[in-house]
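S.K.: Dropping in run-v9.txt, which is compact mmCIF, C-alpha atoms:
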```txt
# COMPACT_ATOMS: atom_id res chain seq x y z
CA MET A 1 47.79 133.52 142.86
CA ASN A 2 50.84 131.42 142.50
CA HIS A 3 53.14 132.41 139.68
CA PRO A 4 55.14 129.65 137.94
CA ARG A 5 58.72 129.58 138.98
CA PRO A 6 60.96 130.68 136.14
CA ALA A 7 63.07 127.88 134.67
CA ALA A 8 66.67 127.80 135.71
CA PRO A 9 68.99 129.04 133.01
CA ALA A 10 70.83 126.34 131.10
CA THR A 11 74.31 125.75 132.29
CA ARG A 12 76.82 127.16 129.85
CA TYR A 13 80.38 126.00 129.89
CA PRO A 14 83.16 128.30 128.86
CA PRO A 15 84.07 127.92 125.18
CA SER A 16 87.54 126.76 126.14
CA ARG A 17 86.09 123.91 128.19
CA THR A 18 83.82 122.79 125.40
CA MET A 19 86.66 122.96 122.90
CA ALA A 20 88.94 120.90 125.14
CA ALA A 21 86.25 118.27 125.53
CA ALA A 22 85.77 118.17 121.77
CA TRP A 23 89.47 117.70 121.11
CA LEU A 24 89.69 114.98 123.74
CA LEU A 25 86.73 113.18 122.21
CA LEU A 26 88.29 113.35 118.77
CA ALA A 27 91.50 111.95 120.22
CA LEU A 28 89.57 109.07 121.75
CA LEU A 29 87.90 108.30 118.44
CA ALA A 30 91.20 108.45 116.54
CA TRP A 31 93.15 106.38 119.08
CA PRO A 32 92.44 102.91 117.61
CA ALA A 33 93.39 104.06 114.10
CA ALA A 34 96.62 105.61 115.38
CA ILE A 35 97.54 102.42 117.21
CA THR A 36 96.75 100.34 114.11
CA THR A 37 98.91 102.55 111.89
CA ALA A 38 101.83 102.46 114.30
CA ALA A 39 101.61 98.67 114.66
CA ARG A 40 101.50 98.24 110.88
CA ASP A 41 104.49 100.50 110.29
CA LEU A 42 106.59 98.49 112.75
CA LEU A 43 106.23 95.46 110.45
CA LEU A 44 107.30 97.21 107.25
CA ASN A 45 110.76 97.77 105.78
CA VAL A 46 112.60 96.08 108.65
CA CYS A 47 115.51 93.70 109.12
CA MET A 48 115.63 90.75 111.48
CA ASP A 49 117.80 90.76 114.57
CA ALA A 50 119.88 87.84 113.33
CA LYS A 51 123.47 86.78 112.67
CA HIS A 52 124.37 88.65 109.48
CA HIS A 53 121.55 91.15 108.95
CA LYS A 54 122.04 94.90 108.86
CA ARG A 55 120.22 96.89 111.54
CA GLU A 56 118.22 98.77 108.92
CA PRO A 57 117.58 98.18 105.21
CA GLY A 58 119.12 100.40 102.58
CA PRO A 59 120.66 100.43 99.09
CA GLU A 60 123.45 97.92 98.39
CA GLY A 61 124.56 98.49 94.81
CA GLN A 62 127.16 95.70 94.79
CA LEU A 63 124.98 92.74 95.76
CA TYR A 64 126.22 89.59 94.05
CA GLY A 65 124.50 87.12 91.73
CA GLN A 66 121.02 86.00 92.68
CA CYS A 67 120.92 88.41 95.63
CA ALA A 68 121.11 91.40 93.28
CA LEU A 69 117.29 91.47 93.15
CA TRP A 70 117.40 93.34 96.48
CA LYS A 71 120.18 95.84 95.64
CA ASP A 72 117.84 98.86 95.83
CA ASN A 73 116.83 98.10 99.42
CA ALA A 74 118.50 95.27 101.29
CA CYS A 75 119.09 93.88 104.76
CA CYS A 76 122.28 92.14 103.58
CA THR A 77 125.72 93.46 102.73
CA ALA A 78 127.67 92.76 99.55
CA ASN A 79 129.93 90.31 101.45
CA THR A 80 126.93 88.39 102.73
CA SER A 81 125.52 88.15 99.21
CA VAL A 82 128.79 86.68 97.92
CA GLU A 83 128.96 84.14 100.73
CA ALA A 84 125.35 83.10 100.12
CA HIS A 85 126.54 81.58 96.83
CA GLN A 86 129.46 79.62 98.34
CA ASP A 87 129.49 76.00 99.46
CA GLN A 88 130.19 75.79 103.21
CA SER A 89 130.50 79.59 103.46
CA TYR A 90 131.38 81.33 106.69
CA LEU A 91 127.73 82.40 107.07
CA TYR A 92 126.64 79.12 108.64
CA SER A 93 129.27 76.54 107.58
CA PHE A 94 126.45 74.58 106.01
CA ASN A 95 127.31 71.88 103.48
CA TRP A 96 124.69 71.48 100.75
CA ASP A 97 126.57 68.39 99.52
CA HIS A 98 126.20 66.33 102.71
CA CYS A 99 124.92 63.36 100.68
CA GLY A 100 126.94 63.97 97.53
CA ALA A 101 127.01 66.84 95.07
CA MET A 102 123.75 68.77 94.90
CA PRO A 103 122.67 69.43 91.29
CA GLU A 104 123.09 73.06 90.26
CA LYS A 105 119.46 73.40 89.23
CA CYS A 106 118.52 72.47 92.79
CA LYS A 107 121.23 74.49 94.52
CA ARG A 108 120.06 77.71 92.88
CA HIS A 109 116.82 77.48 94.86
CA PHE A 110 118.72 77.19 98.14
CA ILE A 111 120.84 80.17 97.13
CA GLN A 112 117.69 82.12 96.35
CA ASP A 113 116.19 81.04 99.66
CA MET A 114 119.33 82.34 101.38
CA CYS A 115 119.17 85.64 99.49
CA LEU A 116 115.54 86.14 100.43
CA TYR A 117 116.25 85.38 104.09
CA GLU A 118 119.36 87.54 104.36
CA CYS A 119 118.39 90.44 102.08
CA SER A 120 114.64 91.00 102.07
CA PRO A 121 113.24 93.91 104.12
CA ASN A 122 109.69 92.66 103.45
CA LEU A 123 109.43 89.79 105.92
CA GLY A 124 108.33 91.87 108.92
CA PRO A 125 104.83 90.39 109.31
CA TRP A 126 106.41 86.95 109.84
CA ILE A 127 109.33 87.82 112.13
CA ASP A 128 109.14 85.85 115.36
CA GLN A 129 111.19 85.76 118.54
CA THR A 130 113.58 82.84 119.04
CA ASP A 131 115.94 81.67 121.77
CA ILE A 132 118.75 80.44 119.52
CA SER A 133 122.17 81.69 120.67
CA TRP A 134 123.18 83.23 117.33
CA ARG A 135 119.99 85.12 116.57
CA LYS A 136 117.11 86.72 118.44
CA GLU A 137 114.59 86.60 115.62
CA ARG A 138 113.57 84.29 112.79
CA ILE A 139 110.82 84.09 110.17
CA LEU A 140 107.82 81.83 110.65
CA TYR A 141 105.04 80.80 108.24
CA VAL A 142 106.00 83.13 105.38
CA PRO A 143 103.39 82.40 102.65
CA LEU A 144 105.60 81.28 99.77
CA CYS A 145 103.93 81.45 96.35
CA ARG A 146 102.93 78.02 95.12
CA GLU A 147 104.93 78.27 91.87
CA ASP A 148 108.12 79.05 93.78
CA CYS A 149 107.59 76.12 96.12
CA GLU A 150 106.60 73.69 93.39
CA GLN A 151 109.52 74.63 91.14
CA TRP A 152 111.89 74.24 94.09
CA TRP A 153 110.58 70.70 94.66
CA GLU A 154 110.59 69.87 90.93
CA ASP A 155 114.23 70.91 90.48
CA CYS A 156 115.38 69.17 93.67
CA GLN A 157 113.41 65.93 93.61
CA ASP A 158 116.43 63.90 92.48
CA ALA A 159 118.90 65.61 94.84
CA VAL A 160 119.84 63.58 97.93
CA THR A 161 119.61 64.26 101.66
CA CYS A 162 119.38 62.39 104.94
CA LYS A 163 117.12 64.74 106.94
CA VAL A 164 113.72 66.40 106.73
CA ASN A 165 114.45 69.30 109.10
CA TRP A 166 117.71 71.01 108.20
CA HIS A 167 117.56 73.45 111.08
CA LYS A 168 118.66 70.98 113.74
CA GLY A 169 119.88 67.48 114.51
CA TRP A 170 123.10 67.47 112.43
CA ASN A 171 126.45 66.09 113.48
CA TRP A 172 128.69 69.18 113.76
CA THR A 173 131.79 67.52 115.21
CA THR A 174 133.85 68.39 112.10
CA GLY A 175 132.72 72.02 112.07
CA THR A 176 130.24 71.51 109.26
CA ASN A 177 126.99 69.58 109.08
CA GLN A 178 127.16 65.81 108.55
CA CYS A 179 124.38 63.25 108.53
CA PRO A 180 123.59 61.91 112.03
CA GLN A 181 124.52 58.32 112.73
CA GLY A 182 121.84 55.90 111.66
CA THR A 183 120.33 58.12 108.96
CA MET A 184 120.23 57.18 105.28
CA CYS A 185 120.70 59.37 102.20
CA GLN A 186 117.65 59.35 99.97
CA LYS A 187 116.31 61.37 97.08
CA PHE A 188 114.34 64.46 97.97
CA LYS A 189 111.17 63.05 96.42
CA TYR A 190 111.15 60.33 99.07
CA VAL A 191 112.18 62.55 101.99
CA PHE A 192 109.81 65.32 100.88
CA PRO A 193 106.91 63.55 99.11
CA LYS A 194 105.26 66.78 97.95
CA PRO A 195 106.22 70.44 97.49
CA ALA A 196 104.51 71.58 100.68
CA THR A 197 106.57 69.13 102.74
CA LEU A 198 109.80 70.54 101.36
CA CYS A 199 108.94 74.22 101.75
CA GLU A 200 107.35 73.93 105.17
CA GLU A 201 109.49 71.36 106.98
CA ILE A 202 113.04 71.87 105.73
CA TRP A 203 113.51 75.09 107.77
CA SER A 204 111.17 74.41 110.72
CA HIS A 205 108.15 76.13 109.13
CA SER A 206 109.94 79.28 108.09
CA TYR A 207 107.72 79.01 105.01
CA ASN A 208 104.11 78.09 104.52
CA TYR A 209 103.02 76.59 101.19
CA SER A 210 100.58 79.15 99.81
CA THR A 211 97.81 78.33 97.37
CA TYR A 212 98.08 81.88 96.04
CA HIS A 213 99.87 82.45 92.75
CA ARG A 214 102.77 84.74 91.91
CA GLY A 215 101.49 88.25 91.24
CA SER A 216 98.44 87.81 93.47
CA GLY A 217 99.72 90.22 96.11
CA ARG A 218 99.04 87.58 98.76
CA CYS A 219 102.23 85.50 98.71
CA ILE A 220 105.95 86.14 98.92
CA GLN A 221 107.94 85.58 95.73
CA MET A 222 111.41 84.13 96.05
CA TRP A 223 112.05 85.10 92.42
CA PHE A 224 111.00 88.32 90.68
CA ASP A 225 112.09 90.75 87.99
CA PRO A 226 113.57 93.82 89.72
CA VAL A 227 112.89 95.93 86.63
CA GLN A 228 109.19 95.51 87.42
CA GLY A 229 109.73 96.38 91.08
CA ASN A 230 109.70 94.19 94.17
CA PRO A 231 106.22 92.60 94.46
CA ASN A 232 106.88 91.59 98.06
CA VAL A 233 106.54 95.20 99.22
CA ALA A 234 102.78 95.13 98.55
CA VAL A 235 102.46 91.65 100.06
CA ALA A 236 104.11 92.78 103.30
CA GLN A 237 101.86 95.85 103.41
CA TYR A 238 98.75 93.69 103.04
CA TYR A 239 99.67 91.26 105.81
CA ALA A 240 100.95 94.04 108.08
CA HIS A 241 97.59 95.76 107.77
CA VAL A 242 95.77 92.53 108.58
CA ALA A 243 98.01 91.84 111.58
CA ALA A 244 97.70 95.39 112.93
CA ALA A 245 93.93 95.66 112.48
CA CYS A 246 93.00 92.41 114.19
CA PRO A 247 92.47 92.80 117.04
CA THR A 248 92.29 96.55 117.65
CA PRO A 249 93.62 97.31 121.14
CA PRO A 250 90.79 98.32 123.55
CA LEU A 251 90.53 101.83 124.98
CA PRO A 252 91.52 102.16 128.61
CA MET A 253 88.50 101.64 130.89
CA LEU A 254 88.86 105.08 132.46
CA LEU A 255 88.43 106.76 129.09
CA LEU A 256 85.36 104.68 128.37
CA LEU A 257 83.81 105.79 131.66
CA LEU A 258 84.52 109.42 130.82
CA LEU A 259 83.05 109.23 127.34
CA PRO A 260 79.35 109.88 128.35
CA THR A 261 80.40 112.93 130.34
CA LEU A 262 82.41 114.28 127.45
CA LEU A 263 79.42 113.84 125.13
CA CYS A 264 77.25 115.88 127.51
CA LEU A 265 79.73 118.73 127.39
CA LEU A 266 79.48 119.12 123.63
```
So, in terms of structure tokens, how does the structure I just supplied come out?
M.R.:
Amino acid sequence: MNHPRPAAPATRYPPSRTMAAAWLLLALLAWPAAITTAARDLLLNVCMDAKHHKREPGPEGQLYGQCALWKDNACCTANTSVEAHQDQSYLYSFNWDHCGAMPEKCKRHFIQDMCLYECSPNLGPWIDQTDISWRKERILYVPLCREDCEQWWEDCQDAVTCKVNWHKGWNWTTGTNQCPQGTMCQKFKYVFPKPATLCEEIWSHSYNYSTYHRGSGRCIQMWFDPVQGNPNVAVAQYYAHVAAACPTPPLPMLLLLLLPTLLCLL
């Protein structure tokens, strides 16, 4: 009579081996989240690699005038904040009055624009590489709140200029910007027919006209009440999370091939 062959005993792995496999599996599962968090953090509380920016943001208690909004945490120095308010300052030797005196109600928006650019540590999600000699990074497509853009256009519509894009194309032979030969000075409302044209084209798309409103948490405010805190911190966090989460970097192929084996060990 044939007796049934006894079943082979189940293979048992040493506890240490099983534990190692478990930890490795957990690491594999956590890897995308860790990468996402690291990528997000790289976009927050940072300064551009540009002409006058500090390497890292920090308190600047003596920030001047309109730049004082960022005194608790700034990428600009006190000297930069003073110069941001000057006509033809040493920052960029730029002449706001290239077609005659710019009205003060208009100029304050350009000063605020300068303060935001030089001082804000909340522009990380929109920092882009550039090949300009005097800076390695710039901002691109920052979603500017619609009220800020529209008020900028409203207060500047009767100011005068000769160019749409103020980033390039000027005559710099005198050391400051002058209108190129053949251009004509016209009111802003003709050069920039609508608010979006002004905000998006004047600085080579540094800004994007946003349909979101101030306080929405989805657009950058050029103006805010520092007593209430800086609303742009939350905006940067939102867009940094979006940028870091999409797409999630893929796991290395080798780890994917090992995953079924690791599951069998548990």
S.K.: Any idea what's packed within 9 Å of Cys185 in chain A, counting all atoms listed in the file, ignoring anything in its chain fewer than 4 positions away? Could you give it as a list in words?
M.R.: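 What passes the distance filter is His98, Cys99, Val160, Thr161, Cys162, Lys163 and Cys179 of chain A.
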S.K.: So, with all atoms listed in the file as the atoms that count, which of A:Pro103, A:His213, A:Tyr207, A:Arg108 lies closest to Phe188 in chain A?
M.R.: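 Of A:Pro103, A:His213, A:Tyr207, A:Arg108, the one nearest Phe188 in chain A is A:Pro103, counting all atoms listed in the file.
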S.K.: List as a tab-separated table every residue of range 173-201 of chain A that is in contact with range 83-95 of chain A, defined as an atom at most 12 Å from one of its atoms (using only C-alpha atoms), together with the nearest atom pair and the distance in Å rounded to one decimal, sorted by chain and then rising number.
M.R.:
```
residue	atom	partner	partner_atom	distance
A:Thr174	CA	A:Ser93	CA	10.4
A:Gly175	CA	A:Ser93	CA	7.2
A:Thr176	CA	A:Ser93	CA	5.4
A:Asn177	CA	A:Phe94	CA	5.9
A:Gln178	CA	A:Asn95	CA	7.9
A:Cys179	CA	A:Asn95	CA	10.4
```
S.K.: Next, the residues of the selection above should be written as a CSV table (one decimal), in the frame of the given file with C-alpha atoms.
M.R.:
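Result went into selection_8.csv, see below:
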```
chain,number,residue,atom,x,y,z
A,174,THR,CA,133.8,68.4,112.1
A,175,GLY,CA,132.7,72.0,112.1
A,176,THR,CA,130.2,71.5,109.3
A,177,ASN,CA,127.0,69.6,109.1
A,178,GLN,CA,127.2,65.8,108.6
A,179,CYS,CA,124.4,63.2,108.5
```
S.K.: Rounded to one decimal in Å, what is the spacing between CA of Pro195 in chain A and CA of Cys219 in chain A?
M.R.: 15.6 Å
S.K.: Using only C-alpha atoms, find the one residue out of A:Thr211, A:Gln62, A:Gln151, A:Gln129 that sits nearest to His109 in chain A.
M.R.: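 Smallest separation from His109 in chain A among the options: A:Gln151.
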S.K.: Could you check which of A:Gln221, A:Gln237, A:Ser81, A:Asn165 is closest to Tyr209 in chain A, using all atoms listed in the file?
M.R.: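 Looking at the shortest contact to Tyr209 in chain A, the residue is A:Gln221.
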S.K.: Determine the nearest neighbour of Gly229 in chain A from the options A:Lys71, A:Leu63, A:His52, A:His205, counting all atoms listed in the file.
M.R.: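 Using all atoms listed in the file, the shortest distance to Gly229 in chain A belongs to A:Lys71.
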S.K.: Give me the residues near range 115-118 of chain A as number ranges by chain, where near means some atom within 7 Å (using only C-alpha atoms) and where sequence neighbours in that chain fewer than 4 positions away do not count.
M.R.: A: 53, 67, 75-76, 81, 84, 111, 222
S.K.: May I ask for the distance between CA of Ala236 in chain A and CA of Asn122 in chain A, given in Å to one decimal place?
M.R.: 5.6 Å
S.K.: Using only C-alpha atoms, list the residues that have an atom at most 12 Å from (102.6, 71.1, 102.4), coordinates as in the file, as a list in words.
M.R.: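 Every polymer residue passing the test: Tyr141, Pro143, Leu144, Arg146, Cys149, Glu150, Trp153, Phe192, Pro193, Lys194, Pro195, Ala196, Thr197, Leu198, Cys199, Glu200, Glu201, Ile202, His205, Tyr207, Asn208, Tyr209, Ser210 and Thr211 of chain A.
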S.K.: With only C-alpha atoms as the atoms that count, which of A:Gly100, A:Pro226, A:Pro125, A:Pro180 lies nearest to Asn45 in chain A?
M.R.: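 Residue with the minimum atom-to-atom distance to Asn45 in chain A: A:Pro125.
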S.K.: Tell me, in Å to one decimal, how far CA of Trp96 in chain A is from CA of Ile139 in chain A.
M.R.: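 Pair CA of Trp96 in chain A / CA of Ile139 in chain A returns 21.0 Å.
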S.K.: Looking at A:Trp152, A:Trp166, A:Trp223, A:Tyr190, which one is nearest to Trp203 in chain A, with distances taken over only C-alpha atoms?
M.R.: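 Under the stated criterion, the closest residue is A:Trp166.
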S.K.: Please provide the set of residues having any atom within 8 Å of Asp72 in chain A, restricted to all atoms listed in the file, with same-chain residues fewer than 4 positions apart removed, written as a list in words.
M.R.: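 In the requested format, the answer is Gly58, Pro59, Glu60 and Gly61 of chain A.
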